[in-house]
file start.cif (mmCIF, C-alpha atoms)
data_input
loop_
_atom_site.group_PDB
_atom_site.id
_atom_site.type_symbol
_atom_site.label_atom_id
_atom_site.label_comp_id
_atom_site.auth_asym_id
_atom_site.auth_seq_id
_atom_site.Cartn_x
_atom_site.Cartn_y
_atom_site.Cartn_z
ATOM 1 C CA GLY Z 843 -34.225 77.277 -89.514
ATOM 2 C CA ASN Z 844 -31.786 75.828 -87.034
ATOM 3 C CA SER Z 845 -34.150 75.347 -84.138
ATOM 4 C CA VAL Z 846 -36.960 73.317 -82.682
ATOM 5 C CA THR Z 847 -40.248 75.154 -82.950
ATOM 6 C CA GLN Z 848 -43.278 74.184 -80.950
ATOM 7 C CA MET Z 849 -46.718 75.607 -80.341
ATOM 8 C CA GLU Z 850 -46.329 77.922 -77.372
ATOM 9 C CA GLY Z 851 -49.777 77.771 -75.829
ATOM 10 C CA PRO Z 852 -51.031 77.892 -73.202
ATOM 11 C CA VAL Z 853 -53.457 75.131 -74.085
ATOM 12 C CA THR Z 854 -56.557 74.602 -71.955
ATOM 13 C CA LEU Z 855 -58.732 71.541 -72.485
ATOM 14 C CA SER Z 856 -61.534 69.703 -70.768
ATOM 15 C CA GLU Z 857 -60.983 66.174 -69.519
ATOM 16 C CA GLU Z 858 -61.275 63.521 -72.270
ATOM 17 C CA ALA Z 859 -60.590 66.060 -75.046
ATOM 18 C CA PHE Z 860 -58.137 65.342 -77.868
ATOM 19 C CA LEU Z 861 -54.710 66.928 -77.587
ATOM 20 C CA THR Z 862 -52.268 68.013 -80.286
ATOM 21 C CA ILE Z 863 -49.114 69.999 -79.576
ATOM 22 C CA ASN Z 864 -47.249 70.860 -82.753
ATOM 23 C CA CYS Z 865 -43.493 70.589 -83.089
ATOM 24 C CA THR Z 866 -41.290 71.069 -86.141
ATOM 25 C CA TYR Z 867 -37.622 70.120 -86.189
ATOM 26 C CA THR Z 868 -34.510 70.969 -88.183
ATOM 27 C CA ALA Z 869 -33.861 68.590 -91.042
ATOM 28 C CA THR Z 870 -30.089 68.911 -90.661
ATOM 29 C CA GLY Z 871 -30.065 68.102 -86.978
ATOM 30 C CA TYR Z 872 -29.153 64.791 -85.358
ATOM 31 C CA PRO Z 873 -31.857 62.262 -86.210
ATOM 32 C CA SER Z 874 -33.383 61.711 -82.775
ATOM 33 C CA LEU Z 875 -36.426 63.521 -81.455
ATOM 34 C CA PHE Z 876 -37.788 63.684 -77.932
ATOM 35 C CA TRP Z 877 -40.796 64.908 -75.992
ATOM 36 C CA TYR Z 878 -40.193 65.790 -72.354
ATOM 37 C CA VAL Z 879 -42.816 66.596 -69.709
ATOM 38 C CA GLN Z 880 -42.401 68.820 -66.662
ATOM 39 C CA TYR Z 881 -44.995 68.461 -63.912
ATOM 40 C CA PRO Z 882 -45.405 71.404 -61.500
ATOM 41 C CA GLY Z 883 -42.428 71.800 -59.195
ATOM 42 C CA GLU Z 884 -40.445 68.998 -60.794
ATOM 43 C CA GLY Z 885 -37.635 68.506 -63.299
ATOM 44 C CA LEU Z 886 -38.135 67.344 -66.858
ATOM 45 C CA GLN Z 887 -38.868 63.697 -67.573
ATOM 46 C CA LEU Z 888 -38.579 61.919 -70.883
ATOM 47 C CA LEU Z 889 -42.080 61.215 -72.217
ATOM 48 C CA LEU Z 890 -41.242 59.516 -75.508
ATOM 49 C CA LYS Z 891 -38.682 59.444 -78.277
ATOM 50 C CA ALA Z 892 -38.153 58.442 -81.913
ATOM 51 C CA THR Z 893 -34.805 57.745 -83.536
ATOM 52 C CA LYS Z 894 -35.559 57.688 -87.263
ATOM 53 C CA ALA Z 895 -38.105 58.700 -89.878
ATOM 54 C CA ASP Z 896 -41.544 57.062 -89.555
ATOM 55 C CA ASP Z 897 -40.798 55.900 -86.005
ATOM 56 C CA LYS Z 898 -43.689 56.355 -83.598
ATOM 57 C CA GLY Z 899 -42.868 57.012 -79.969
ATOM 58 C CA SER Z 900 -45.556 56.285 -77.393
ATOM 59 C CA ASN Z 901 -45.985 56.372 -73.644
ATOM 60 C CA LYS Z 902 -48.847 56.932 -71.155
ATOM 61 C CA GLY Z 903 -51.332 57.286 -74.038
ATOM 62 C CA PHE Z 904 -49.256 59.942 -75.782
ATOM 63 C CA GLU Z 905 -47.934 59.391 -79.297
ATOM 64 C CA ALA Z 906 -45.690 61.253 -81.733
ATOM 65 C CA THR Z 907 -44.622 60.207 -85.226
ATOM 66 C CA TYR Z 908 -41.312 61.291 -86.744
ATOM 67 C CA ARG Z 909 -42.427 62.644 -90.139
ATOM 68 C CA LYS Z 910 -39.593 63.481 -92.496
ATOM 69 C CA GLU Z 911 -41.765 64.926 -95.277
ATOM 70 C CA THR Z 912 -43.142 67.652 -93.016
ATOM 71 C CA THR Z 913 -40.210 67.785 -90.516
ATOM 72 C CA SER Z 914 -42.772 67.380 -87.758
ATOM 73 C CA PHE Z 915 -43.029 65.467 -84.486
ATOM 74 C CA HIS Z 916 -46.446 66.479 -83.179
ATOM 75 C CA LEU Z 917 -47.535 65.182 -79.781
ATOM 76 C CA GLU Z 918 -51.037 63.690 -79.564
ATOM 77 C CA LYS Z 919 -53.267 62.084 -76.981
ATOM 78 C CA GLY Z 920 -56.776 60.881 -77.640
ATOM 79 C CA SER Z 921 -58.269 61.598 -74.215
ATOM 80 C CA VAL Z 922 -56.461 63.852 -71.768
ATOM 81 C CA GLN Z 923 -56.765 63.655 -68.000
ATOM 82 C CA VAL Z 924 -56.389 66.288 -65.298
ATOM 83 C CA SER Z 925 -53.135 64.578 -64.305
ATOM 84 C CA ASP Z 926 -51.690 65.422 -67.756
ATOM 85 C CA SER Z 927 -51.549 69.097 -66.800
ATOM 86 C CA ALA Z 928 -47.881 70.006 -67.246
ATOM 87 C CA VAL Z 929 -45.424 71.755 -69.549
ATOM 88 C CA TYR Z 930 -44.374 69.761 -72.613
ATOM 89 C CA PHE Z 931 -41.069 70.281 -74.406
ATOM 90 C CA CYS Z 932 -40.046 69.051 -77.841
ATOM 91 C CA ALA Z 933 -36.274 68.505 -78.220
ATOM 92 C CA GLN Z 934 -33.672 67.578 -80.836
ATOM 93 C CA PRO Z 935 -29.859 67.364 -80.748
ATOM 94 C CA LEU Z 936 -28.515 70.147 -82.965
ATOM 95 C CA ASN Z 937 -24.974 70.686 -84.174
ATOM 96 C CA SER Z 938 -23.086 73.268 -82.134
ATOM 97 C CA GLY Z 939 -19.849 73.213 -84.137
ATOM 98 C CA GLY Z 940 -17.653 70.493 -85.599
ATOM 99 C CA SER Z 941 -18.825 67.114 -84.366
ATOM 100 C CA ASN Z 942 -20.489 68.536 -81.252
ATOM 101 C CA TYR Z 943 -24.210 68.353 -80.703
ATOM 102 C CA LYS Z 944 -26.385 69.891 -78.001
ATOM 103 C CA LEU Z 945 -29.913 68.912 -77.112
ATOM 104 C CA THR Z 946 -32.050 71.892 -78.107
ATOM 105 C CA PHE Z 947 -35.452 72.342 -76.487
ATOM 106 C CA GLY Z 948 -38.499 74.105 -77.796
ATOM 107 C CA LYS Z 949 -39.903 76.858 -75.596
ATOM 108 C CA GLY Z 950 -42.436 74.578 -73.941
ATOM 109 C CA THR Z 951 -46.229 74.360 -74.071
ATOM 110 C CA LEU Z 952 -48.258 74.685 -70.889
ATOM 111 C CA LEU Z 953 -51.222 72.300 -70.869
ATOM 112 C CA THR Z 954 -54.032 72.717 -68.360
ATOM 113 C CA VAL Z 955 -56.756 70.073 -68.246
ATOM 114 C CA ASN Z 956 -59.938 70.984 -66.403
ATOM 115 C CA PRO Z 957 -62.309 68.399 -64.856
ATOM 116 C CA ASN R 1048 -31.668 54.083 -57.926
ATOM 117 C CA ALA R 1049 -30.883 57.750 -57.194
ATOM 118 C CA GLY R 1050 -30.394 59.028 -60.773
ATOM 119 C CA VAL R 1051 -29.434 62.720 -60.749
ATOM 120 C CA THR R 1052 -29.255 64.340 -57.312
ATOM 121 C CA GLN R 1053 -29.140 68.105 -56.838
ATOM 122 C CA THR R 1054 -28.457 69.954 -53.616
ATOM 123 C CA PRO R 1055 -29.647 72.215 -52.145
ATOM 124 C CA LYS R 1056 -33.300 72.273 -53.197
ATOM 125 C CA PHE R 1057 -33.795 75.902 -52.179
ATOM 126 C CA ARG R 1058 -31.443 78.754 -51.387
ATOM 127 C CA ILE R 1059 -31.642 82.490 -50.825
ATOM 128 C CA LEU R 1060 -28.487 84.521 -51.400
ATOM 129 C CA LYS R 1061 -27.585 88.134 -50.956
ATOM 130 C CA ILE R 1062 -26.159 90.104 -53.869
ATOM 131 C CA GLY R 1063 -22.424 89.477 -54.148
ATOM 132 C CA GLN R 1064 -22.379 86.205 -52.223
ATOM 133 C CA SER R 1065 -21.038 83.044 -53.769
ATOM 134 C CA MET R 1066 -22.238 79.474 -53.669
ATOM 135 C CA THR R 1067 -21.888 76.102 -55.342
ATOM 136 C CA LEU R 1068 -24.821 74.080 -56.621
ATOM 137 C CA GLN R 1069 -24.056 70.404 -56.363
ATOM 138 C CA CYS R 1070 -25.001 67.755 -58.918
ATOM 139 C CA ALA R 1071 -24.201 64.050 -58.791
ATOM 140 C CA GLN R 1072 -25.300 61.135 -60.981
ATOM 141 C CA ASP R 1073 -24.886 57.430 -60.387
ATOM 142 C CA MET R 1074 -25.585 56.170 -63.897
ATOM 143 C CA ASN R 1075 -21.996 56.421 -65.175
ATOM 144 C CA HIS R 1076 -23.096 58.945 -67.796
ATOM 145 C CA ASN R 1077 -20.417 60.768 -69.757
ATOM 146 C CA TYR R 1078 -22.512 63.828 -70.580
ATOM 147 C CA MET R 1079 -23.682 66.287 -67.932
ATOM 148 C CA TYR R 1080 -25.459 69.627 -68.273
ATOM 149 C CA TRP R 1081 -26.552 72.657 -66.311
ATOM 150 C CA TYR R 1082 -29.667 74.573 -67.344
ATOM 151 C CA ARG R 1083 -31.537 77.504 -65.920
ATOM 152 C CA GLN R 1084 -35.274 77.941 -66.246
ATOM 153 C CA ASP R 1085 -36.761 81.354 -65.621
ATOM 154 C CA PRO R 1086 -40.475 81.640 -64.670
ATOM 155 C CA GLY R 1087 -42.735 80.710 -67.562
ATOM 156 C CA MET R 1088 -39.763 80.150 -69.856
ATOM 157 C CA GLY R 1089 -37.954 77.270 -71.463
ATOM 158 C CA LEU R 1090 -34.515 75.939 -70.623
ATOM 159 C CA LYS R 1091 -31.249 77.718 -71.312
ATOM 160 C CA LEU R 1092 -27.994 75.750 -71.321
ATOM 161 C CA ILE R 1093 -25.341 77.252 -69.045
ATOM 162 C CA TYR R 1094 -22.463 74.743 -69.291
ATOM 163 C CA TYR R 1095 -22.040 71.149 -70.289
ATOM 164 C CA SER R 1096 -19.433 68.418 -70.061
ATOM 165 C CA VAL R 1097 -18.775 65.422 -72.301
ATOM 166 C CA GLY R 1098 -16.573 63.658 -69.771
ATOM 167 C CA ALA R 1099 -14.323 64.100 -66.741
ATOM 168 C CA GLY R 1100 -11.921 66.994 -67.263
ATOM 169 C CA ILE R 1101 -13.844 68.430 -70.238
ATOM 170 C CA THR R 1102 -16.297 71.327 -69.983
ATOM 171 C CA ASP R 1103 -17.702 73.816 -72.460
ATOM 172 C CA LYS R 1104 -19.914 76.873 -72.482
ATOM 173 C CA GLY R 1105 -23.590 76.791 -73.364
ATOM 174 C CA GLU R 1106 -25.878 79.692 -74.286
ATOM 175 C CA VAL R 1107 -25.645 81.679 -71.026
ATOM 176 C CA PRO R 1108 -22.311 80.964 -69.258
ATOM 177 C CA ASN R 1109 -21.559 84.464 -67.938
ATOM 178 C CA GLY R 1110 -21.450 84.642 -64.151
ATOM 179 C CA TYR R 1111 -21.004 80.879 -63.722
ATOM 180 C CA ASN R 1112 -18.173 78.365 -63.576
ATOM 181 C CA VAL R 1113 -18.082 74.576 -63.609
ATOM 182 C CA SER R 1114 -15.633 71.774 -63.065
ATOM 183 C CA ARG R 1115 -15.762 68.052 -63.821
ATOM 184 C CA SER R 1116 -13.085 66.254 -61.839
ATOM 185 C CA THR R 1117 -15.033 62.980 -61.720
ATOM 186 C CA THR R 1118 -17.604 61.277 -63.925
ATOM 187 C CA GLU R 1119 -20.197 61.472 -61.146
ATOM 188 C CA ASP R 1120 -20.026 65.133 -60.086
ATOM 189 C CA PHE R 1121 -20.610 68.382 -61.960
ATOM 190 C CA PRO R 1122 -20.841 71.358 -59.571
ATOM 191 C CA LEU R 1123 -21.940 74.820 -60.736
ATOM 192 C CA ARG R 1124 -20.320 77.834 -59.080
ATOM 193 C CA LEU R 1125 -21.765 81.342 -58.768
ATOM 194 C CA GLU R 1126 -18.956 83.693 -57.746
ATOM 195 C CA LEU R 1127 -20.781 87.037 -57.348
ATOM 196 C CA ALA R 1128 -24.512 86.480 -57.150
ATOM 197 C CA ALA R 1129 -26.689 88.976 -59.015
ATOM 198 C CA PRO R 1130 -30.501 89.349 -59.037
ATOM 199 C CA SER R 1131 -30.530 88.289 -62.701
ATOM 200 C CA GLN R 1132 -29.396 84.844 -61.565
ATOM 201 C CA THR R 1133 -32.622 84.235 -59.679
ATOM 202 C CA SER R 1134 -33.932 81.117 -61.375
ATOM 203 C CA VAL R 1135 -34.497 77.391 -61.099
ATOM 204 C CA TYR R 1136 -31.371 75.437 -61.966
ATOM 205 C CA PHE R 1137 -31.526 71.937 -63.385
ATOM 206 C CA CYS R 1138 -28.711 69.468 -63.755
ATOM 207 C CA ALA R 1139 -29.039 66.636 -66.261
ATOM 208 C CA SER R 1140 -26.984 63.729 -67.541
ATOM 209 C CA SER R 1141 -27.045 61.370 -70.496
ATOM 210 C CA TYR R 1142 -25.037 58.468 -71.851
ATOM 211 C CA SER R 1143 -24.589 60.245 -75.187
ATOM 212 C CA ILE R 1144 -26.110 63.145 -77.119
ATOM 213 C CA ASN R 1145 -28.497 60.750 -78.824
ATOM 214 C CA GLN R 1146 -29.801 59.281 -75.582
ATOM 215 C CA PRO R 1147 -32.409 60.890 -73.313
ATOM 216 C CA GLN R 1148 -31.272 63.259 -70.626
ATOM 217 C CA HIS R 1149 -32.125 62.476 -67.014
ATOM 218 C CA PHE R 1150 -32.929 65.532 -64.928
ATOM 219 C CA GLY R 1151 -32.570 66.311 -61.263
ATOM 220 C CA ASP R 1152 -35.408 67.915 -59.299
ATOM 221 C CA GLY R 1153 -33.870 71.376 -59.505
ATOM 222 C CA THR R 1154 -32.449 74.027 -57.196
ATOM 223 C CA ARG R 1155 -34.627 77.080 -56.645
ATOM 224 C CA LEU R 1156 -32.304 80.036 -56.143
ATOM 225 C CA SER R 1157 -33.339 83.566 -55.158
ATOM 226 C CA ILE R 1158 -30.900 86.440 -54.998
ATOM 227 C CA LEU R 1159 -32.037 89.478 -53.046
#
call {"tool": "encode", "arguments": {"input": "start.cif", "output": "structure tokens"}}
result
Amino acid sequence: GNSVTQMEGPVTLSEEAFLTINCTYTATGYPSLFWYVQYPGEGLQLLLKATKADDKGSNKGFEATYRKETTSFHLEKGSVQVSDSAVYFCAQPLNSGGSNYKLTFGKGTLLTVNP
Amino acid sequence: NAGVTQTPKFRILKIGQSMTLQCAQDMNHNYMYWYRQDPGMGLKLIYYSVGAGITDKGEVPNGYNVSRSTTEDFPLRLELAAPSQTSVYFCASSYSINQPQHFGDGTRLSIL
């Protein structure tokens, strides 16, 4: 399909649990992938990115690996904290006609981490 | 370093009123974008611009207008406010489509 598909959630975890948020991308899209995070009441912030196959983006304990064989860019964190509670968006530039590309976001996954 | 600045932060409008949401960036980015985010939903692209003097429609342009007379500014105009336009509006900018977008803090708009 011509879209970015991510696990919709909501996801509720206890502190120190392992987190995975699934994201699959379009193979024919522009080869850069992003995870953004939106904390309550704020705009989106870039969390991490990868620009080619097998790249691993990482930041603040989060990781995501650009996997071409499964067209996936799953977000993982080994031990979540209450402060990680936010909405997470997967994103990829997709062609919108001719040589134009637009950054296309998944629908977002709400993560709530309880103490 | 200001980044992307949106004003106002909050606004309440009556049906049929008009207003302009301001957006300015100081990073010399070519690309600028306007999104709306409805409660519990993802982002929808309203309009975007790839440089001064160039604008194009996104997914949900109806009821909105934009202009891009300078690299720094990208205002969004609502001519006849309708309740369906109640939303949080985010402006963003990027150096290119392959570079991360930088977002403002949003404008929370209610139309009653």
call {"tool": "interface_residues", "arguments": {"input": "start.cif", "of": "chain R", "to": "chain Z", "cutoff": "10 Å", "atoms": "all atoms listed in the file", "output": "JSON, numbers by chain"}}
result
{"R": [1080, 1087, 1088, 1089, 1090, 1091, 1092, 1095, 1097, 1105, 1135, 1136, 1137, 1138, 1139, 1143, 1144, 1145, 1146, 1147, 1148, 1149, 1150, 1151, 1152, 1153, 1154, 1155]}
call {"tool": "residues_around", "arguments": {"input": "start.cif", "residues": "R:Asn1077", "least_positions_apart": "3", "cutoff": "9 Å", "atoms": "all atoms listed in the file", "output": "number ranges by chain"}}
result
R: 1096-1099, 1118-1119, 1140-1143
call {"tool": "atom_distance", "arguments": {"input": "start.cif", "atom1": "atom CA of Z:Gln923", "atom2": "atom CA of Z:Gly851"}}
result
17.6 Å
call {"tool": "resolve_selection", "arguments": {"input": "start.cif", "expression": "the PyMOL selection byres ((chain R and resi 1129) around 12)", "output": "PDB file with C-alpha atoms, keeping the file's coordinate frame"}}
result
ATOM      1  CA  ILE R1059     -31.642  82.490 -50.825  1.00  0.00           C
ATOM      2  CA  LEU R1060     -28.487  84.521 -51.400  1.00  0.00           C
ATOM      3  CA  LYS R1061     -27.585  88.134 -50.956  1.00  0.00           C
ATOM      4  CA  ILE R1062     -26.159  90.104 -53.869  1.00  0.00           C
ATOM      5  CA  GLY R1063     -22.424  89.477 -54.148  1.00  0.00           C
ATOM      6  CA  GLN R1064     -22.379  86.205 -52.223  1.00  0.00           C
ATOM      7  CA  SER R1065     -21.038  83.044 -53.769  1.00  0.00           C
ATOM      8  CA  MET R1066     -22.238  79.474 -53.669  1.00  0.00           C
ATOM      9  CA  ASN R1109     -21.559  84.464 -67.938  1.00  0.00           C
ATOM     10  CA  GLY R1110     -21.450  84.642 -64.151  1.00  0.00           C
ATOM     11  CA  TYR R1111     -21.004  80.879 -63.722  1.00  0.00           C
ATOM     12  CA  LEU R1125     -21.765  81.342 -58.768  1.00  0.00           C
ATOM     13  CA  GLU R1126     -18.956  83.693 -57.746  1.00  0.00           C
ATOM     14  CA  LEU R1127     -20.781  87.037 -57.348  1.00  0.00           C
ATOM     15  CA  ALA R1128     -24.512  86.480 -57.150  1.00  0.00           C
ATOM     16  CA  PRO R1130     -30.501  89.349 -59.037  1.00  0.00           C
ATOM     17  CA  SER R1131     -30.530  88.289 -62.701  1.00  0.00           C
ATOM     18  CA  GLN R1132     -29.396  84.844 -61.565  1.00  0.00           C
ATOM     19  CA  THR R1133     -32.622  84.235 -59.679  1.00  0.00           C
ATOM     20  CA  SER R1134     -33.932  81.117 -61.375  1.00  0.00           C
ATOM     21  CA  LEU R1156     -32.304  80.036 -56.143  1.00  0.00           C
ATOM     22  CA  SER R1157     -33.339  83.566 -55.158  1.00  0.00           C
ATOM     23  CA  ILE R1158     -30.900  86.440 -54.998  1.00  0.00           C
ATOM     24  CA  LEU R1159     -32.037  89.478 -53.046  1.00  0.00           C
TER      25      LEU R1159
END
call {"tool": "atom_distance", "arguments": {"input": "start.cif", "atom1": "atom CA of Z:Ala895", "atom2": "atom CA of R:Glu1106"}}
result
28.9 Å
call {"tool": "residues_around", "arguments": {"input": "start.cif", "residues": "stretch 905-918 of chain Z", "least_positions_apart": "4", "cutoff": "8 Å", "atoms": "only C-alpha atoms", "output": "ChimeraX atom specification"}}
result
/Z:860-869,875,877,890,892,894-901
call {"tool": "resolve_selection", "arguments": {"input": "start.cif", "expression": "the PyMOL selection byres ((chain R and resi 1112) around 6)", "output": "PyMOL selection string"}}
result
chain R and resi 1111+1113+1123-1124
call {"tool": "atom_distance", "arguments": {"input": "start.cif", "atom1": "atom CA of R:Ile1093", "atom2": "atom CA of Z:Pro852"}}
result
26.0 Å
call {"tool": "resolve_selection", "arguments": {"input": "start.cif", "expression": "the PyMOL selection byres ((chain R and resi 1071) around 6)", "output": "PyMOL selection string"}}
result
chain R and resi 1051-1052+1070+1072+1119-1120
call {"tool": "axis_aligned_box", "arguments": {"input": "start.cif", "around": "stretch 1089-1107 of chain R", "padding_each_side": "8 Å", "output": "lines of an AutoDock Vina configuration file"}}
result
center_x = -24.9
center_y = 72.7
center_z = -70.5
size_x = 42.0
size_y = 34.0
size_z = 23.5
call {"tool": "residues_around", "arguments": {"input": "start.cif", "residues": "Z:Ser925", "least_positions_apart": "6", "cutoff": "12 Å", "atoms": "only C-alpha atoms", "output": "list of chain:residue names"}}
result
Z:Ser856, Z:Glu857, Z:Glu858, Z:Val879, Z:Gln880, Z:Tyr881, Z:Pro882, Z:Lys902, Z:Leu953, Z:Thr954, Z:Val955, Z:Asn956, Z:Pro957
